[in-house]
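Input: a single structure, listed below in structure tokens.
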Amino acid sequence: MSLATVQNVQKQAATNQNTIFQVDNFNLWYGETHALKEVDLSINEKEITAIIGPSGCGKSTFLKTLNRMVEMVPSVKTSGDIYYRSQNILNKSFHVENLRTRVGMVFQKPNPFPKSVYENVAYGPKIHGIKNKKTLDEIVEKSLRDAYIWDEVKDRLKENAYGLSGGQQQRLCIARTLAIEPDVILMDEPTSALDPISTLKVEELIQKLKEDYSIVIVTHNMQQAARISDRTAFFLNGEVVEFNDTETLFSNPSDQRTEDYITGRFG
Amino acid sequence: MSLATVQNVQKQAATNQNTIFQVDNFNLWYGETHALKEVDLSINEKEITAIIGPSGCGKSTFLKTLNRMVEMVPSVKTSGDIYYRSQNILNKSFHVENLRTRVGMVFQKPNPFPKSVYENVAYGPKIHGIKNKKTLDEIVEKSLRDAYIWDEVKDRLKENAYGLSGGQQQRLCIARTLAIEPDVILMDEPTSALDPISTLKVEELIQKLKEDYSIVIVTHNMQQAARISDRTAFFLNGEVVEFNDTETLFSNPSDQRTEDYITGRFG
Amino acid sequence: MTSDSQSKQNTLNVQELIQQKKSKKSLSAKFEKLIPSILFLFAMISILTTIGIIYTLFSETIEFFKTVPISDFFTGTTLKPLSQNPEFGIFPLINGTIMSSLIAMLVAGPIGIMAAIYLSEYASDKARRTLKPLLEVLAGIPTIVYGFFAFTFVTPILRSIWPAVDATNILSPGIVMGVMIIPMIASLSEDAMSSVPNSIREGAFALGATKLESTFKVVIPGALSGIIASFILGISRAIGETMIVTIASGSSKNFTFDVTESMQTMTAYIVEVAGGEAPAGSTIYFSLYAVAMTLFVFTLLMNLLARYVSRKFREEY
Amino acid sequence: MNYMDIQHVQKKMKTRIVKNNILKYIFLLATVIGLVVLATLIIRVFTQGIGAINVDFLTGHLSTAPERAGIMGAILGTLWLMAVVIPVTIIIGIGTALYLELYLKEGRTRALIQTNISNLAGVPSIVYGILGLTVFVRAMDLGNIVLAGGLTLALLILPIVIVAAQESIRSVPQHLTEASYGMGATKWQTIRRIILPAALPGMLTGSILAISRAIGETAPLTVIGIPALLIPFPEGITDKFTALPMQIYYWTLDAVLVEEYAKLASATIIVLLLLLFILNSVAIIIRNKFQQRY
Amino acid sequence: GSDDESESNASQDDQPEDTNSENEENESSEELEGSVVIDGSGTVYPLMSRMAEEYMINAQQGVSVEVSRSGTSAGFEKFLVEDGTDFNDASREIKDEEQAKADELGIDVKELKVALDGLSIVINPNNEFATELSEQQVIDIFLGEYTQWSDINSDWPEEKIQTYGPNENHGTYEFFYEEILDEQDLVEDINLQQDYSTLVTLVSEDENAIGFFGFGYYDNNQDKVQAVQVDFGDGPVAPSLETIGEEGPYANFTRPVFTYLNVNHAKEKPQVLDYSIWLMENVNDYAGEVGFAPIPDEEAQQLADELKELK
Ligand SMILES: Nc1ncnc2c1ncn2[C@@H]1O[C@H](COP(=O)(O)OP(=O)(O)OP(=O)(O)O)[C@@H](O)[C@H]1O
Ligand SMILES: Nc1ncnc2c1ncn2[C@@H]1O[C@H](COP(=O)(O)OP(=O)(O)OP(=O)(O)O)[C@@H](O)[C@H]1O
Ligand SMILES: [Mg+2]
Ligand SMILES: [Mg+2]
């Protein structure tokens, strides 16, 4: 344990100036299942961090921990610390709603609200107290533009979002997240439910977003991780096996298991 | 069409002396879905015939046609003929109950009745009117022995069949089928729900059963087909692409699609 | 090439036995052929019930309209069936029915929906599993017991708080009826709300919404038609409820909107008139059927509407 | 990045969270209100009625004198009613469900019968009373005897029994019936040996719940006409009768003449609730005990 | 012969207990069974149900007497049909059209006067001013001649008079309307109720209430309502078992209550006849207990004798 702490301090020191999330010796259990084991990790500002690993290794769990969405499972227990911009988010006094306003999330399956396109995007600003119609209009347009979907939906803003195609829905969900101007965006396999063309569009979008946002993306698709991310963490059985520059991790993995995984020997 | 008929006659001639099932130019629709297309096939006595093919190609449909179980789907329509020992089973005057008494079936998921082990095996004989306790006892013991499960269950004949392991349940289902001494046994992926060790046991059993019964087995597992069957039919999109000796089919497929499939290029 | 060419060395040939038995089985086979017809007859009973209901109500109602003009019945605001100069306006009864159902829904609607929200959105699994069946006990209490409770307990309490309330009034049975309907609305609305996919809730939470905001802005709009259907069914139930109003609301055929007064519902009128096993052939006797017919049509429309609304809702996701 | 003012958002957040927490308790309160009423009702009925319950009350004949009055006649009346309702609903209900689920093909007829059944389930009970009065009491000239009342109540709960039976038939896994057909069993053999045994617990649970609804029904009986004073015990389904809910009704109304009647009404309610409690417990036991894992 | 004995015993002996035991002894020779079906007036119901119960306990255990209470008019409809009820209780006399219907059906109807009921005018117990009213004032109140109490007496409060009564289903209403109001229409906004329980509660809760119903309902609820003392010309009289007798000072508001016997049934069914005889011989012993004044003993005896003729 003391060793881990030492490493930890070093890592923290190395990345300190632009670290957004700092995860320290974090453990998570679903009831008896030990789903995350002594995870140490830091997420940097305006970078894309990819999380890869075989099914069930804890990728989604880790991602959902960053905005405390994981708490929705009643049996969850945790230990360790997670700092978001130096505040410990696991602290009871830290309101999840505040955290989630800063840390947006995009899900695997597009999950627009059963409302109009406009209302979907305006939902976030509205609950956060923006009522002015003109401001809302501006936010909606800007978010949809930023999500590269404005041209496709500008004539059907009043229509139900369920009428859009899967790829459009997913970009709408991203626009919805952008509308509250988060600091970080978490994405859990955002393209796995999409066809190749939609996937391409969303990938392009993610790379554009990097200019303004910090992004953590979970993906099954190693090519995708290699293509778009700056740094990559490889999870296995709830542990972080390797965490490094994407290029280094894919070209020169330091752990045998990482190599086995990225060469497709399992998973 | 005339070409097909010619081939058909030839095939029939070649296998005539011990043919049990003769399928002639058979088509089947589920509503609008054309699930089996001009199927010509013959099943020989005391052989194991394997049916392989990718998911949705119509394997189960074909199998269920042989004991007319497919009729349970209300929208089913058929054309063509199927002869069981020279009787056309699609003929209305042919009672399905008679057919099914001669043509037993084992399903993908072990499906014992929620009754005791004994009652499971005795079910068939009982519904067919055998009430004598001693006869039933004999049938149950013999069937369980033939299914290589007697030693494992002889002390728990009165217990509920759901207490058995998956592999035991599947062999119990085979025993249940053996109890009415069918002529043919149809098996739809009988090992796909089982662990490797149970699979091995069931495979061994199937090979033993060949001595007394004719067997048609659907399987996803090409190794399995190669290991145990005498002849193999490869289905694709409802058509029989190739039907041949198992050895020939696997070592020297005559159709490109067969080769693609058995070498794992799709499916 | 027949089947018995098997060359098994069995001491026991089951197939042979089966073939032997088969020849004897013709009797039970005949019996089997009869079964669908027998079951068909059973199934016809429910159809006959409907025909019976509609036929009795219709034919006697027509008799009624031979003596009382249909327009008088549906537009009349006075109901004096027993008086020397009888008047048969159904309005007081419709008014009483609507008033009592309205009060019931004012109680059951908000409480039921709030309970549904709690059970579906806030309660832990364990809390839901204990609370829901307990709540459903309410729906299993016989209505006569509620009637007794309304008359001997709720009315006196109401009167001590609000002296204007009469000994028999529409308020007390309305409230108690509402309590009875709570579990129905809670349970159906909860079903509708739980069928809103979790992913949509998560979408709201991920934007920083509180539970309250996700509930009101996302879940309820998504479950709206199910919730509406539960309300309509609740109203239908209230319209058809009999004993609570019969006992606690008296038999005044007042046409008033004052909830502190006694009013009569369609159901209570039927009990009053039929209570004495109404003399066959009299106008009063036929009025029973005319009122019952109206009641039947009311509830039927409500039920059809509820089904239409909830079917629409199922198509949404 | 200038529409959202973080400071402002965070300031507002507190009130939003407080609002959420307050409403959470209001919602909880709403959930509990019903239970509070339930508890009040039960406590009230018990305190008022428990004193009147003794062996004489439970076994005695009806009387106009409160100190002599017993409810055995009403208990027997209710039991005789059940003796009609139970076989009629179970046989017809399960028969109809079997027909709809297993014999009748998907199509217009089936949709028609199904719609009809769900509409019947929503018909007010008093309308069934009128049907019973017109058909059983008058047209068939049975009079207001147990049989007429029982048939009326049976029709009333039939839709509930049918729907419950249909659901339990549907919940019998397809692979079990397939296995049976696969052995050459006929349809009826499969129904009798596989489907019915597997579906029976569910059918019984549903039926018992429906029957307990019938036991508490008063409105149809008031329409059929039940004597206010009937002293001899009913001895069969062709006798006139009174039933527990009717007795509660009469005593509630007559409490104005004889105050103690209110106590007797409460005591009768206790007996009725107890009967329902037992029935429901039986339903739960059946459900738990025979719940199959397939 | 045995009937003669019991009759003479009953008429000589005023102690109900003795009468009962005599009856038991006498009738034991003749065990009857079957049923007697009674319907009709709710006002008479307490008396008839009591009588029926006593008959079954003390005279004929084998006979089942069932009593319903649909109301006088509704009861007649069930009485005057083929296979109708055996008795119909009535709080008024049979009407001509009802009698005509009986004749048409060939039903021989016998009127049995069973007791006397004093129509009680009741007010709220807190009402301290209207405790005494003249007969005419009562009539005028229910005809709607006065709207406020102060219209009757300027010292009385300026509050609206609220009138209550049983609805048209009840013979009490018809008696009030026909005999007391002389068929003039009741005040428009009178609150008419089916259930007496409701009526009693309504009056007991409304300070400005005035209502009318049978003496029994007043008698049993003296803590909830008070009776108006009515001045029929000889000073105010309160209704009581003593005053409501046929010759009593309250006689103007007193009416007889009846039960009507289907004589055809009495001839066919011994238990119906037996019950009717027993009823007339014993009714005076129980009338008081349930709030009715007895009819003269001779009158009861005479009816019993007439009934015995039917044997
Ligand atoms: N709600 C839950 N309750 C209990 N266990 C859970 C729950 N969610 C996940 N788990 C378990 O936690 C472990 C990690 O799950 P997680 O969903 O994080 O994996 P993943 O890496 O996202 O997998 P995938 O690639 O399939 O999405 C798994 O063993 C899973 O079974
Ligand atoms: N009950 C049914 N109703 C309509 N279509 C059906 C039905 N059962 C099967 N089908 C369709 O018929 C085709 C063949 O199905 P079938 O189940 O025979 O395939 P299979 O080869 O057994 O596949 P698998 O390997 O997945 O079991 C598929 O397209 C399927 O969708
Ligand atoms: Mg995942
Ligand atoms: Mg298959």
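Going through the structure tokens in order, the chains are called A, B, and so on, while each chain numbers its residues from 1 and the ligands are numbered from 1 in the order shown.
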
**Request:** Hey, list the chain C side of the contact with chain E: 12 Å cut-off, only C-alpha atoms, answer as a PyMOL selection string.
**Result:** chain C and resi 78+80-86+151-152+155-156+159-160+163-169+246-255+261-264+268-269+271-282+284-285

**Item:** Within 10 Å of ligand 1 (only C-alpha atoms and all ligand atoms), residues as a PyMOL selection string
**Value:** chain A and resi 28-36+51-65+70-76+108+188-189+218-220+235-238+267

**Request:** Give the residues of chain C that lie within 6 Å of chain D; count only C-alpha atoms, and format the answer as an NGL selection string.
**Result:** :C and (39 or 42-43 or 53 or 111 or 114-115 or 118 or 142 or 212 or 240 or 271 or 274-275 or 277)

Write a file of the just-selected residues containing C-alpha atoms, as a short mmCIF file (atom, residue, chain, number, x, y, z; two decimals), in the first residue's frame.
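And here is the file that came out, again30.cif:
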data_model
loop_
_atom_site.label_atom_id
_atom_site.label_comp_id
_atom_site.auth_asym_id
_atom_site.auth_seq_id
_atom_site.Cartn_x
_atom_site.Cartn_y
_atom_site.Cartn_z
CA LEU C 39 -64.49 -25.25 -24.14
CA PHE C 42 -67.55 -22.07 -21.79
CA ALA C 43 -66.04 -19.22 -23.75
CA ILE C 53 -76.55 -7.29 -19.92
CA ILE C 111 -52.17 10.96 -3.68
CA MET C 114 -47.45 10.94 -5.63
CA ALA C 115 -47.38 7.43 -4.25
CA TYR C 118 -42.37 7.61 -4.63
CA PRO C 142 -65.01 -4.80 0.72
CA LEU C 212 -37.54 15.63 -8.93
CA GLY C 240 -69.60 2.29 -10.66
CA VAL C 271 -80.06 0.11 -4.86
CA ALA C 274 -84.28 -2.35 -6.39
CA GLY C 275 -83.76 -2.64 -2.63
CA GLU C 277 -87.16 -5.69 -5.39
#

**Request:** For atom CA of E:Phe258 and atom CA of E:Lys110, determine how far apart the two atoms are, in Å to one decimal place.
**Result:** 10.0 Å

**Residue neighbourhood D:Ile231, 9 Å, only C-alpha atoms, exclusion window fewer than 6 positions, as a PyMOL selection string** = (chain D and resi 61-63+73) or (chain E and resi 53+56+64-66)

Convert the current residue selection to file output with N, CA and C atoms, as a PDB file, in the first residue's frame.
ATOM      1  N   HIS D  61     -78.293 -17.855  15.772  1.00  0.00           N
ATOM      2  CA  HIS D  61     -79.225 -17.419  14.745  1.00  0.00           C
ATOM      3  C   HIS D  61     -79.346 -15.910  14.763  1.00  0.00           C
ATOM      4  N   LEU D  62     -79.793 -15.381  13.656  1.00  0.00           N
ATOM      5  CA  LEU D  62     -80.064 -13.963  13.556  1.00  0.00           C
ATOM      6  C   LEU D  62     -81.212 -13.599  14.478  1.00  0.00           C
ATOM      7  N   SER D  63     -81.181 -12.396  15.006  1.00  0.00           N
ATOM      8  CA  SER D  63     -82.266 -11.977  15.870  1.00  0.00           C
ATOM      9  C   SER D  63     -82.405 -10.473  15.810  1.00  0.00           C
ATOM     10  N   GLY D  73     -75.977 -17.762  10.361  1.00  0.00           N
ATOM     11  CA  GLY D  73     -76.769 -17.807   9.137  1.00  0.00           C
ATOM     12  C   GLY D  73     -76.066 -17.077   8.008  1.00  0.00           C
TER      13      GLY D  73
ATOM     14  N   GLU E  53     -89.760 -13.474  14.921  1.00  0.00           N
ATOM     15  CA  GLU E  53     -88.712 -14.118  15.702  1.00  0.00           C
ATOM     16  C   GLU E  53     -89.312 -14.848  16.911  1.00  0.00           C
ATOM     17  N   MET E  56     -91.030 -18.034  15.942  1.00  0.00           N
ATOM     18  CA  MET E  56     -90.129 -19.142  15.649  1.00  0.00           C
ATOM     19  C   MET E  56     -89.503 -19.700  16.911  1.00  0.00           C
ATOM     20  N   SER E  64     -90.115 -21.256   8.992  1.00  0.00           N
ATOM     21  CA  SER E  64     -89.181 -20.174   8.743  1.00  0.00           C
ATOM     22  C   SER E  64     -89.952 -18.954   8.285  1.00  0.00           C
ATOM     23  N   VAL E  65     -89.924 -17.922   9.117  1.00  0.00           N
ATOM     24  CA  VAL E  65     -90.596 -16.692   8.743  1.00  0.00           C
ATOM     25  C   VAL E  65     -89.539 -15.713   8.297  1.00  0.00           C
ATOM     26  N   GLU E  66     -89.648 -15.205   7.089  1.00  0.00           N
ATOM     27  CA  GLU E  66     -88.675 -14.208   6.654  1.00  0.00           C
ATOM     28  C   GLU E  66     -89.360 -12.888   6.435  1.00  0.00           C
TER      29      GLU E  66
END

Identify all chain D residues at most 8 Å from chain A by counting only C-alpha atoms; ligands do not count. Present them as a short mmCIF file (atom, residue, chain, number, x, y, z; two decimals) with N, CA and C atoms, in the first residue's frame.
data_model
loop_
_atom_site.label_atom_id
_atom_site.label_comp_id
_atom_site.auth_asym_id
_atom_site.auth_seq_id
_atom_site.Cartn_x
_atom_site.Cartn_y
_atom_site.Cartn_z
N MET D 1 -18.79 29.41 -24.73
CA MET D 1 -18.84 28.95 -23.33
C MET D 1 -19.24 30.11 -22.44
N TYR D 3 -22.91 30.93 -21.81
CA TYR D 3 -24.33 30.98 -21.44
C TYR D 3 -24.52 30.53 -20.01
N MET D 4 -23.76 29.54 -19.62
CA MET D 4 -23.96 28.98 -18.28
C MET D 4 -23.01 29.68 -17.31
N VAL D 9 -25.36 28.80 -11.27
CA VAL D 9 -25.91 27.45 -11.28
C VAL D 9 -25.72 26.81 -9.92
N GLN D 10 -24.54 26.98 -9.37
CA GLN D 10 -24.28 26.32 -8.08
C GLN D 10 -25.10 26.94 -6.96
N LYS D 12 -28.06 28.17 -7.32
CA LYS D 12 -29.42 27.65 -7.48
C LYS D 12 -29.52 26.19 -7.06
N MET D 13 -28.42 25.50 -7.23
CA MET D 13 -28.43 24.05 -6.98
C MET D 13 -28.96 23.73 -5.59
#
